[in-house]
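*Asks:* I'd like to ask you about the structure that follows.
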Number of protein chains: 2
Amino acid sequence: MRDFFNPAGVAVAGASRSGEKLGNVAIANMRRFGYAGRIVPIHPQADTIMGLPAYPSLESLPEPVDIAIGVIPRELIPDFVQQCGRAGVRKVIVSAAGFADAGGEGVALQERVAGLAREAGVRMMGPNSVGTISTESGFVTSILSLEKLKKSPLSIVAQTGLFAAGLARWIATTQHFGLAKVACLGNKADVDELDILRYYRDDPQTGLIGIYTEGVRDGRAFLELLREITPHKPVLVLKGGRTETGSRMAASHTGSLAGAPEVYRGALAQAGALEVDSLEELFDLAKALQYCPEPRGPNLGVVSVTGGGCVMAADACYRLGLGLPPLQERTLQEAREVAPPWASLTNPADIWSAVETGGIGRAYLGITRAMAGQDDVHMLMPVFTLVPESDFDVAEAYGRIREEFPEKPLLACAIGGSGEEYREWSAAMEGLGIPAYGSVERAVAAAAALYRYHSWRTEVMRRGRG
Amino acid sequence: MRDFFNPAGVAVAGASRSGEKLGNVAIANMRRFGYAGRIVPIHPQADTIMGLPAYPSLESLPEPVDIAIGVIPRELIPDFVQQCGRAGVRKVIVSAAGFADAGGEGVALQERVAGLAREAGVRMMGPNSVGTISTESGFVTSILSLEKLKKSPLSIVAQTGLFAAGLARWIATTQHFGLAKVACLGNKADVDELDILRYYRDDPQTGLIGIYTEGVRDGRAFLELLREITPHKPVLVLKGGRTETGSRMAASHTGSLAGAPEVYRGALAQAGALEVDSLEELFDLAKALQYCPEPRGPNLGVVSVTGGGCVMAADACYRLGLGLPPLQERTLQEAREVAPPWASLTNPADIWSAVETGGIGRAYLGITRAMAGQDDVHMLMPVFTLVPESDFDVAEAYGRIREEFPEKPLLACAIGGSGEEYREWSAAMEGLGIPAYGSVERAVAAAAALYRYHSWRTEVMRRGRG
């Protein structure tokens, strides 16, 4: 699968001289991401496209490239795949839609193309694939223009093209994390989740995997592979078509059978994968799993400037099975140094009175640090509400706590505040490796997933050794 | 309760000459929001504060004001409340904390203050109240600096101060909607949810009510009042302290008993209120209830440029009990005018092939309009993914659909795209009165709540008449 992410050379069919076709977008993406390999436009007439020497066909290339991208109408695909075979191009990404996704004759056309690829010894991604991303090599075949992405350990394999399109752009422009690799499988006429997951399993840049699938062909092999990966790399799974309606929809959309609804839920958990219910949750959890150390237990210490935040955090912890241990005498003694004598300090700690008497920075730092020093507080969650008057240097305070207690996961959330303040605050937090959330419930859910994954992993490791 | 939102004059204790106290913030808020009543600072020495003539005490005022705001330390509150009584000031908001919220002697202090207010014939909001907002009168007593808010039918009554602080600022700076009134009750030593809800029931500016409560004193009266309000105005309830831990936390934080966990869930639904699980959900639903007409049934027509969006929407509809009726022959005929002949059009409709052949604007407009014309499609949901190259005038297209089908609720969502694009897109949508969401699941949840409320209401009305 390496050539789908880091080929020495790529041929692109479907770029025009005027530069307005989707093939041009793919070439522009590769340049923006700094792909250092050879890019060869394929065009019946043009000599050069975007300053690159063009060739009329794959067979006319002086030497074969590793992969070809077919951003051309579906009726041209059978010939293009055969050309790949004749020209010694062993990989192809087909972005054209109108195959199994369209039903009717599209289904037959897809079978024909898959057969031709097999005969020619060509591995095919798609049809109906939006493309791939590798931030390491800069090889980005997406047919949607992408802003440059940061590198991160998160790799994605998805049936939908969203991850190499709108979601990649959302990450690039609003998130502190980035991506390692993305593969958008489309109709999966050949390359499927198993191919990509085996590659991610062994890929040193991939430390965490997100999967969006509407159904796999070989469920047993899929689960077997997950069991192999999850002790080493966390895997998040969003299963589209989990319900009766969704599954019917999935069948019509990529032509794949989605399998009986709910069939994977228990099996996924047993295989150590974390099932999520939405894209939001997938990225919420991916942030925590990327940034945080392994929690040593299920207990949270919550520090909040708002009593409402304390109550909502306590509700969420209870629902998700996280503990809120009472503060021990030593912790209380330390916390009382920054709080008025009449303040009732509990966990969650409503620190408003400490803020009133000693200022916001002193209150957050002092009480979070006191909690962090308590053995049975395994994770820490400061809850903020963002105010314009504050001169509290949140990065300085939590940078210190992160340094003093590197073994304790910190997850932060903010309730309200202006859009600009939220962006600044979350950038400051995530710059320290503290995942930041816009809601208490989402932060607690991320902490719960972090604990669930690591406790499962510890158990598996223990059994493996025993 | 009118004086808490629209008094002829207000006295503010706790503003300083240097302008840095929380009382100054409240005065600045009133000026920013255009409060036209009299503002009188109370200060032991100052002649003027912020250009306003100041008085040493409430009793030294030439004529009484309707309400006094005590932004002063807790030990000064008993005297301040007694002053109110002697000076003929019949309402007071006490922002100081350290009463029942602090436990210990704070509890006794609160009882004493409540007793003094009762004896003096003064109605008190708080203690530990962040204040009130009225966008109509501009009377804004919040002790946190707020950006000016738009008017909207949404009024809030909450134990937490967040709604007159961080959340109000979030609404002002990131949301298209605004607020009518906010009351932050704090410890509820006197004024409680029932007082405010009775006022909102009769308030012509309030068309929709959001409640955050950690427990009411008189559950029976609360439910009775909800039953009275909900046929006329939708009510959203976020119950803090629903769980064992949360409820213990709520007790310590405002000193109120939260009641047995889960006790309200069924009762709230019977009273026609919509219970929500998070602040996010509260605002998601508030948008839909504010903007959308009443749906005539539970069926959604979904139009998406991404197949993954179709599948996720179908899953969410199934889970939340919304229908996705198959497209009728006439609908298909109309939709096929903008789609290639081989496109398989279903509901949800994956319109990618139509976008490829006829452009994005034509595809969205043509297929949404075809669906809107089908009788058993009661609500419409376009799913977008935001791309930079698009010259699609989304406001123009959906403005037309909104005009042609004013009776059908439209709810929009976008998956991905840059932060800037999302802000522009959601502003365009909400400018048309179409609630916009950043996730499919949240948009479907809002549609489901919209249907749930209106079908309940129809049933109540029918029974009332029958």
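Here's how to read the names in the structure tokens: chain A, B, ... by the order shown, residue numbers from 1 in each chain, ligand numbers from 1 in the order shown.
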Name the residues in contact with stretch 227-233 of chain B at a cut-off of 10 Å, using only C-alpha atoms, excluding same-chain residues fewer than 5 positions from it; report them as an mmCIF file with N, CA and C atoms, in the first residue's frame.
*Replies:*
```cif
data_model
loop_
_atom_site.group_PDB
_atom_site.id
_atom_site.type_symbol
_atom_site.label_atom_id
_atom_site.label_comp_id
_atom_site.auth_asym_id
_atom_site.auth_seq_id
_atom_site.Cartn_x
_atom_site.Cartn_y
_atom_site.Cartn_z
ATOM 1 N N PRO B 153 -36.742 35.910 20.910
ATOM 2 C CA PRO B 153 -37.800 35.492 21.850
ATOM 3 C C PRO B 153 -37.310 34.618 22.997
ATOM 4 N N LEU B 154 -36.013 34.281 23.029
ATOM 5 C CA LEU B 154 -35.512 33.333 24.019
ATOM 6 C C LEU B 154 -35.230 33.985 25.370
ATOM 7 N N LEU B 197 -40.792 32.308 36.044
ATOM 8 C CA LEU B 197 -41.571 31.642 34.996
ATOM 9 C C LEU B 197 -42.967 32.248 34.861
ATOM 10 N N ARG B 198 -43.562 32.619 35.977
ATOM 11 C CA ARG B 198 -44.877 33.275 35.904
ATOM 12 C C ARG B 198 -44.767 34.577 35.133
ATOM 13 N N TYR B 200 -42.385 35.298 32.831
ATOM 14 C CA TYR B 200 -42.120 34.966 31.429
ATOM 15 C C TYR B 200 -43.398 34.488 30.706
ATOM 16 N N ARG B 201 -44.220 33.764 31.452
ATOM 17 C CA ARG B 201 -45.482 33.278 30.883
ATOM 18 C C ARG B 201 -46.271 34.440 30.279
ATOM 19 N N ASP B 202 -46.301 35.565 30.971
ATOM 20 C CA ASP B 202 -47.113 36.707 30.557
ATOM 21 C C ASP B 202 -46.323 37.756 29.782
ATOM 22 N N THR B 206 -41.156 37.309 25.478
ATOM 23 C CA THR B 206 -40.688 35.934 25.657
ATOM 24 C C THR B 206 -41.561 34.969 24.861
ATOM 25 N N GLY B 207 -40.935 34.266 23.904
ATOM 26 C CA GLY B 207 -41.687 33.299 23.102
ATOM 27 C C GLY B 207 -41.202 31.886 23.313
ATOM 28 N N LEU B 208 -40.145 31.743 24.083
ATOM 29 C CA LEU B 208 -39.448 30.460 24.227
ATOM 30 C C LEU B 208 -38.621 30.566 25.496
ATOM 31 N N ILE B 209 -38.639 29.513 26.321
ATOM 32 C CA ILE B 209 -37.991 29.609 27.631
ATOM 33 C C ILE B 209 -36.969 28.497 27.817
ATOM 34 N N ALA B 221 -45.826 22.486 41.992
ATOM 35 C CA ALA B 221 -46.199 23.795 41.450
ATOM 36 C C ALA B 221 -45.414 24.101 40.175
ATOM 37 N N PHE B 222 -44.144 23.670 40.161
ATOM 38 C CA PHE B 222 -43.288 23.869 39.001
ATOM 39 C C PHE B 222 -43.886 23.176 37.776
ATOM 40 N N LEU B 268 -41.459 15.943 33.431
ATOM 41 C CA LEU B 268 -41.186 17.070 32.538
ATOM 42 C C LEU B 268 -41.798 16.819 31.159
ATOM 43 N N ALA B 269 -41.600 15.621 30.642
ATOM 44 C CA ALA B 269 -42.137 15.285 29.326
ATOM 45 C C ALA B 269 -43.659 15.393 29.341
ATOM 46 N N GLN B 270 -44.273 14.904 30.408
ATOM 47 C CA GLN B 270 -45.745 14.991 30.506
ATOM 48 C C GLN B 270 -46.221 16.430 30.548
ATOM 49 N N ALA B 271 -45.397 17.287 31.117
ATOM 50 C CA ALA B 271 -45.771 18.707 31.196
ATOM 51 C C ALA B 271 -45.435 19.437 29.905
ATOM 52 N N GLY B 272 -44.962 18.719 28.906
ATOM 53 C CA GLY B 272 -44.721 19.332 27.599
ATOM 54 C C GLY B 272 -43.383 20.025 27.476
ATOM 55 N N ALA B 273 -42.540 19.897 28.511
ATOM 56 C CA ALA B 273 -41.212 20.515 28.436
ATOM 57 C C ALA B 273 -40.252 19.567 27.727
ATOM 58 N N LEU B 274 -39.244 20.118 27.085
ATOM 59 C CA LEU B 274 -38.240 19.314 26.406
ATOM 60 C C LEU B 274 -36.999 19.266 27.294
ATOM 61 N N LEU B 289 -36.481 25.955 17.477
ATOM 62 C CA LEU B 289 -37.799 26.355 17.967
ATOM 63 C C LEU B 289 -38.064 27.839 17.702
ATOM 64 N N TYR B 453 -42.139 18.589 20.083
ATOM 65 C CA TYR B 453 -42.876 19.668 20.742
ATOM 66 C C TYR B 453 -44.198 19.957 20.038
ATOM 67 N N HIS B 454 -44.131 20.101 18.729
ATOM 68 C CA HIS B 454 -45.349 20.514 18.037
ATOM 69 C C HIS B 454 -46.408 19.404 17.989
ATOM 70 N N TRP B 456 -46.852 17.189 20.349
ATOM 71 C CA TRP B 456 -47.418 17.206 21.706
ATOM 72 C C TRP B 456 -48.420 18.355 21.838
ATOM 73 N N ARG B 457 -48.038 19.501 21.323
ATOM 74 C CA ARG B 457 -48.865 20.699 21.426
ATOM 75 C C ARG B 457 -50.205 20.520 20.668
ATOM 76 N N THR B 458 -50.085 19.950 19.470
ATOM 77 C CA THR B 458 -51.290 19.700 18.672
ATOM 78 C C THR B 458 -52.250 18.792 19.422
ATOM 79 N N GLU B 459 -51.680 17.769 20.047
ATOM 80 C CA GLU B 459 -52.478 16.808 20.791
ATOM 81 C C GLU B 459 -53.182 17.489 21.979
ATOM 82 N N VAL B 460 -52.443 18.332 22.679
ATOM 83 C CA VAL B 460 -53.013 19.045 23.824
ATOM 84 C C VAL B 460 -54.138 19.977 23.379
ATOM 85 N N MET B 461 -53.915 20.672 22.276
ATOM 86 C CA MET B 461 -54.904 21.603 21.747
ATOM 87 C C MET B 461 -56.172 20.851 21.325
#
```
*Asks:* Residues of stretch 65-198 of chain A in helix (DSSP H, G or I) according to DSSP, as number ranges by chain?
*Replies:* A: 74-87, 100-102, 105-120, 161-164, 166-174, 193-198
*Asks:* Enumerate as a compact mmCIF listing (two decimals) with all heavy atoms, in the first residue's frame the residues belonging to chain A that approach chain B to within 6 Å, with only C-alpha atoms taken into account.
*Replies:*
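What ended up in result_15.txt:
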```txt
# COMPACT_ATOMS: atom_id res chain seq x y z
N ALA A 102 -24.14 4.42 -8.05
CA ALA A 102 -25.28 4.91 -8.84
C ALA A 102 -26.30 3.80 -9.09
O ALA A 102 -27.40 4.06 -9.60
CB ALA A 102 -24.79 5.46 -10.17
N THR A 160 -16.11 7.39 3.21
CA THR A 160 -16.52 8.71 2.73
C THR A 160 -15.30 9.55 2.35
O THR A 160 -14.22 9.38 2.92
CB THR A 160 -17.33 9.46 3.81
OG1 THR A 160 -17.57 10.79 3.35
CG2 THR A 160 -16.58 9.55 5.13
N GLY A 166 -13.77 18.35 3.28
CA GLY A 166 -14.19 19.32 4.29
C GLY A 166 -13.59 19.09 5.67
O GLY A 166 -13.21 20.05 6.34
N LEU A 167 -13.48 17.86 6.09
CA LEU A 167 -12.96 17.61 7.44
C LEU A 167 -11.47 17.90 7.53
O LEU A 167 -10.98 18.39 8.55
CB LEU A 167 -13.26 16.17 7.88
CG LEU A 167 -14.74 15.87 8.12
CD1 LEU A 167 -14.94 14.39 8.41
CD2 LEU A 167 -15.30 16.71 9.26
N ARG A 169 -10.00 20.16 5.85
CA ARG A 169 -9.91 21.62 5.83
C ARG A 169 -10.30 22.18 7.20
O ARG A 169 -9.73 23.17 7.67
CB ARG A 169 -10.80 22.18 4.72
CG ARG A 169 -10.35 21.64 3.34
CD ARG A 169 -11.02 22.37 2.21
NE ARG A 169 -10.81 23.78 2.41
CZ ARG A 169 -11.78 24.67 2.59
NH1 ARG A 169 -13.04 24.27 2.58
NH2 ARG A 169 -11.50 25.92 2.78
N TRP A 170 -11.28 21.55 7.85
CA TRP A 170 -11.67 21.96 9.20
C TRP A 170 -10.48 21.77 10.16
O TRP A 170 -10.17 22.64 10.96
CB TRP A 170 -12.89 21.15 9.63
CG TRP A 170 -13.26 21.29 11.06
CD1 TRP A 170 -13.90 22.35 11.63
CD2 TRP A 170 -13.00 20.36 12.12
NE1 TRP A 170 -14.06 22.13 12.98
CE2 TRP A 170 -13.52 20.92 13.31
CE3 TRP A 170 -12.39 19.11 12.17
CZ2 TRP A 170 -13.44 20.27 14.53
CZ3 TRP A 170 -12.30 18.46 13.38
CH2 TRP A 170 -12.83 19.03 14.54
N THR A 173 -7.67 24.39 9.48
CA THR A 173 -7.93 25.81 9.77
C THR A 173 -8.39 26.07 11.19
O THR A 173 -8.35 27.21 11.64
CB THR A 173 -9.00 26.38 8.81
OG1 THR A 173 -10.19 25.61 8.95
CG2 THR A 173 -8.53 26.33 7.37
N THR A 174 -8.83 25.06 11.91
CA THR A 174 -9.37 25.33 13.24
C THR A 174 -8.74 24.50 14.35
O THR A 174 -8.95 24.80 15.52
CB THR A 174 -10.90 25.08 13.31
OG1 THR A 174 -11.15 23.67 13.20
CG2 THR A 174 -11.64 25.81 12.21
N GLY A 240 -21.07 3.90 10.03
CA GLY A 240 -22.24 4.42 9.31
C GLY A 240 -23.14 3.28 8.91
O GLY A 240 -22.67 2.18 8.61
N GLY A 241 -24.45 3.52 8.93
CA GLY A 241 -25.36 2.45 8.57
C GLY A 241 -25.55 1.46 9.69
O GLY A 241 -25.74 0.26 9.46
N THR A 243 -28.06 1.60 11.71
CA THR A 243 -29.48 1.38 11.89
C THR A 243 -30.06 0.85 10.59
O THR A 243 -29.41 0.87 9.55
CB THR A 243 -30.17 2.71 12.23
OG1 THR A 243 -30.04 3.58 11.11
CG2 THR A 243 -29.54 3.36 13.45
N THR A 245 -32.38 2.03 8.57
CA THR A 245 -32.44 3.02 7.50
C THR A 245 -31.05 3.36 7.00
O THR A 245 -30.79 3.42 5.80
CB THR A 245 -33.08 4.33 8.00
OG1 THR A 245 -33.90 4.05 9.12
CG2 THR A 245 -33.87 5.00 6.92
N GLY A 246 -30.15 3.60 7.95
CA GLY A 246 -28.80 3.97 7.59
C GLY A 246 -28.13 2.89 6.78
O GLY A 246 -27.39 3.17 5.82
N MET A 249 -29.36 2.91 3.29
CA MET A 249 -28.77 4.07 2.63
C MET A 249 -27.34 3.78 2.23
O MET A 249 -26.90 4.08 1.13
CB MET A 249 -28.80 5.24 3.62
CG MET A 249 -28.48 6.57 3.01
SD MET A 249 -29.63 7.01 1.72
CE MET A 249 -28.47 7.66 0.51
N ALA A 250 -26.60 3.14 3.14
CA ALA A 250 -25.19 2.83 2.87
C ALA A 250 -25.08 1.90 1.67
O ALA A 250 -24.21 2.05 0.82
CB ALA A 250 -24.55 2.19 4.10
N HIS A 253 -25.44 3.77 -1.42
CA HIS A 253 -24.48 4.85 -1.66
C HIS A 253 -23.11 4.36 -2.11
O HIS A 253 -22.52 4.88 -3.05
CB HIS A 253 -24.44 5.75 -0.41
CG HIS A 253 -23.13 6.28 0.00
ND1 HIS A 253 -22.35 7.07 -0.80
CD2 HIS A 253 -22.45 6.18 1.17
CE1 HIS A 253 -21.26 7.42 -0.16
NE2 HIS A 253 -21.29 6.89 1.03
N GLY A 307 -20.19 27.17 39.57
CA GLY A 307 -20.85 26.07 40.25
C GLY A 307 -21.63 25.20 39.28
O GLY A 307 -21.67 23.98 39.42
N GLY A 308 -22.25 25.83 38.28
CA GLY A 308 -22.96 25.06 37.26
C GLY A 308 -22.04 24.09 36.55
O GLY A 308 -22.41 22.95 36.28
N VAL A 311 -21.55 21.04 38.72
CA VAL A 311 -22.71 20.14 38.72
C VAL A 311 -22.79 19.36 37.41
O VAL A 311 -22.98 18.14 37.40
CB VAL A 311 -24.01 20.94 38.96
CG1 VAL A 311 -25.22 20.02 38.83
CG2 VAL A 311 -23.98 21.59 40.34
N MET A 312 -22.60 20.06 36.28
CA MET A 312 -22.66 19.37 34.99
C MET A 312 -21.54 18.33 34.87
O MET A 312 -21.74 17.24 34.33
CB MET A 312 -22.60 20.38 33.86
CG MET A 312 -23.90 21.18 33.74
SD MET A 312 -23.93 22.32 32.33
CE MET A 312 -23.38 23.84 33.12
N ALA A 314 -20.14 16.72 37.38
CA ALA A 314 -20.48 15.60 38.26
C ALA A 314 -21.52 14.69 37.60
O ALA A 314 -21.40 13.46 37.64
CB ALA A 314 -20.99 16.13 39.60
N ASP A 315 -22.53 15.31 36.97
CA ASP A 315 -23.53 14.50 36.25
C ASP A 315 -22.87 13.65 35.17
O ASP A 315 -23.16 12.46 35.03
CB ASP A 315 -24.57 15.43 35.60
CG ASP A 315 -25.65 15.88 36.58
OD1 ASP A 315 -25.85 15.18 37.59
OD2 ASP A 315 -26.30 16.91 36.32
N ALA A 343 -14.64 28.92 52.56
CA ALA A 343 -14.95 28.23 51.30
C ALA A 343 -15.11 26.73 51.54
O ALA A 343 -14.33 26.13 52.25
CB ALA A 343 -13.84 28.47 50.28
N SER A 344 -16.16 26.14 50.98
CA SER A 344 -16.32 24.69 51.12
C SER A 344 -15.71 24.05 49.89
O SER A 344 -16.22 24.18 48.79
CB SER A 344 -17.79 24.33 51.25
OG SER A 344 -18.41 24.25 50.01
N THR A 385 -14.72 29.64 32.26
CA THR A 385 -15.62 30.44 31.44
C THR A 385 -14.80 31.67 31.07
O THR A 385 -14.13 32.26 31.90
CB THR A 385 -16.95 30.75 32.16
OG1 THR A 385 -17.72 31.60 31.31
CG2 THR A 385 -16.77 31.39 33.52
N LEU A 386 -14.77 31.99 29.79
CA LEU A 386 -13.80 32.95 29.27
C LEU A 386 -14.32 34.37 29.41
O LEU A 386 -15.43 34.68 28.99
CB LEU A 386 -13.48 32.61 27.82
CG LEU A 386 -12.98 31.16 27.62
CD1 LEU A 386 -12.81 30.86 26.15
CD2 LEU A 386 -11.71 30.88 28.38
N GLY A 416 -18.78 28.96 27.18
CA GLY A 416 -19.04 30.34 26.78
C GLY A 416 -17.77 31.12 26.50
O GLY A 416 -16.67 30.56 26.40
N GLY A 417 -17.94 32.42 26.36
CA GLY A 417 -16.84 33.28 25.93
C GLY A 417 -16.98 33.60 24.46
O GLY A 417 -17.70 32.91 23.74
N SER A 418 -16.29 34.63 24.01
CA SER A 418 -16.42 35.01 22.60
C SER A 418 -15.70 34.00 21.72
O SER A 418 -14.85 33.24 22.19
CB SER A 418 -15.82 36.40 22.39
OG SER A 418 -14.42 36.32 22.30
N GLY A 419 -16.06 34.00 20.44
CA GLY A 419 -15.44 33.09 19.50
C GLY A 419 -13.93 33.26 19.49
O GLY A 419 -13.17 32.28 19.51
```
*Asks:* Residues of stretch 24-224 of chain B classed as strand (DSSP E) by DSSP on the backbone are to be reported as JSON, numbers by chain.
*Replies:* {"B": [38, 39, 40, 41, 42, 48, 49, 52, 53, 67, 68, 69, 70, 91, 92, 93, 94, 123, 124, 125, 131, 132, 133, 134, 154, 155, 156, 157, 158, 181, 182, 183, 184, 208, 209, 210, 211, 212, 213]}
*Asks:* Could you jot down the atom CA of B:Ser142 to atom CA of B:Val94 separation for me, Å, one decimal place?
*Replies:*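 Distance reported for this atom pair: 11.1 Å.
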*Asks:* Contacts of B:Ile434 at 9 Å or less, counting only C-alpha atoms, minus same-chain residues fewer than 4 places along, as JSON, numbers by chain?
*Replies:* {"B": [287, 288, 291, 292, 398, 402, 409, 410, 411, 412, 426, 428, 429, 430]}
*Asks:* For each of A:Ala267, A:Ala286, A:Ile27, A:Leu76, take the minimum atom-to-atom distance to A:Ile156, counting only C-alpha atoms, then give the residue where this is smallest.
*Replies:*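 Closest residue, counting only C-alpha atoms: A:Ala286.
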*Asks:* Can you work out the spacing between atom CA of A:Leu223 and atom CA of A:Tyr199 in Å, to one decimal?
*Replies:*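 Computed distance, atom CA of A:Leu223 to atom CA of A:Tyr199, equals 15.6 Å.
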*Asks:* Residues within 12 Å of B:Ser16, please, as a ChimeraX atom specification. Count only C-alpha atoms; anything in the same chain fewer than 6 positions from it doesn't count.
*Replies:* /B:22-27,41-52,54,71-72
*Asks:* Restrict the selected residues to C-alpha atoms and save them as a PDB file, in the first residue's frame.
*Replies:*
```pdb
ATOM      1  CA  LEU B  22     -17.818  44.775  39.554  1.00  0.00           C
ATOM      2  CA  GLY B  23     -20.460  47.439  40.216  1.00  0.00           C
ATOM      3  CA  ASN B  24     -18.810  49.553  37.536  1.00  0.00           C
ATOM      4  CA  VAL B  25     -19.082  46.628  35.132  1.00  0.00           C
ATOM      5  CA  ALA B  26     -22.842  46.442  35.773  1.00  0.00           C
ATOM      6  CA  ILE B  27     -23.240  50.186  35.122  1.00  0.00           C
ATOM      7  CA  PRO B  41     -24.278  54.748  42.337  1.00  0.00           C
ATOM      8  CA  ILE B  42     -24.179  54.282  46.109  1.00  0.00           C
ATOM      9  CA  HIS B  43     -20.790  55.093  47.622  1.00  0.00           C
ATOM     10  CA  PRO B  44     -19.744  56.207  51.123  1.00  0.00           C
ATOM     11  CA  GLN B  45     -17.493  59.057  49.856  1.00  0.00           C
ATOM     12  CA  ALA B  46     -17.791  59.680  46.144  1.00  0.00           C
ATOM     13  CA  ASP B  47     -19.803  62.570  44.651  1.00  0.00           C
ATOM     14  CA  THR B  48     -19.850  61.110  41.177  1.00  0.00           C
ATOM     15  CA  ILE B  49     -19.022  57.716  39.718  1.00  0.00           C
ATOM     16  CA  MET B  50     -18.727  57.237  35.955  1.00  0.00           C
ATOM     17  CA  GLY B  51     -20.193  60.721  35.586  1.00  0.00           C
ATOM     18  CA  LEU B  52     -23.281  59.838  37.635  1.00  0.00           C
ATOM     19  CA  ALA B  54     -23.525  59.230  43.728  1.00  0.00           C
ATOM     20  CA  VAL B  71     -22.170  44.129  44.467  1.00  0.00           C
ATOM     21  CA  ILE B  72     -20.537  44.278  47.879  1.00  0.00           C
TER      22      ILE B  72
END
```
*Asks:* Taking only C-alpha atoms into account, name the residue in B:Val444, B:Ala183, B:Ile211, B:Leu432 that is nearest to B:Leu300.
*Replies:*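 Among the listed residues, B:Val444 lies closest to B:Leu300.
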*Asks:* Give me, please, the distance in Å between atom CA of B:Met124 and atom CA of B:Ala189, quoted to one decimal.
*Replies:*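 Those two atoms sit 7.5 Å apart.
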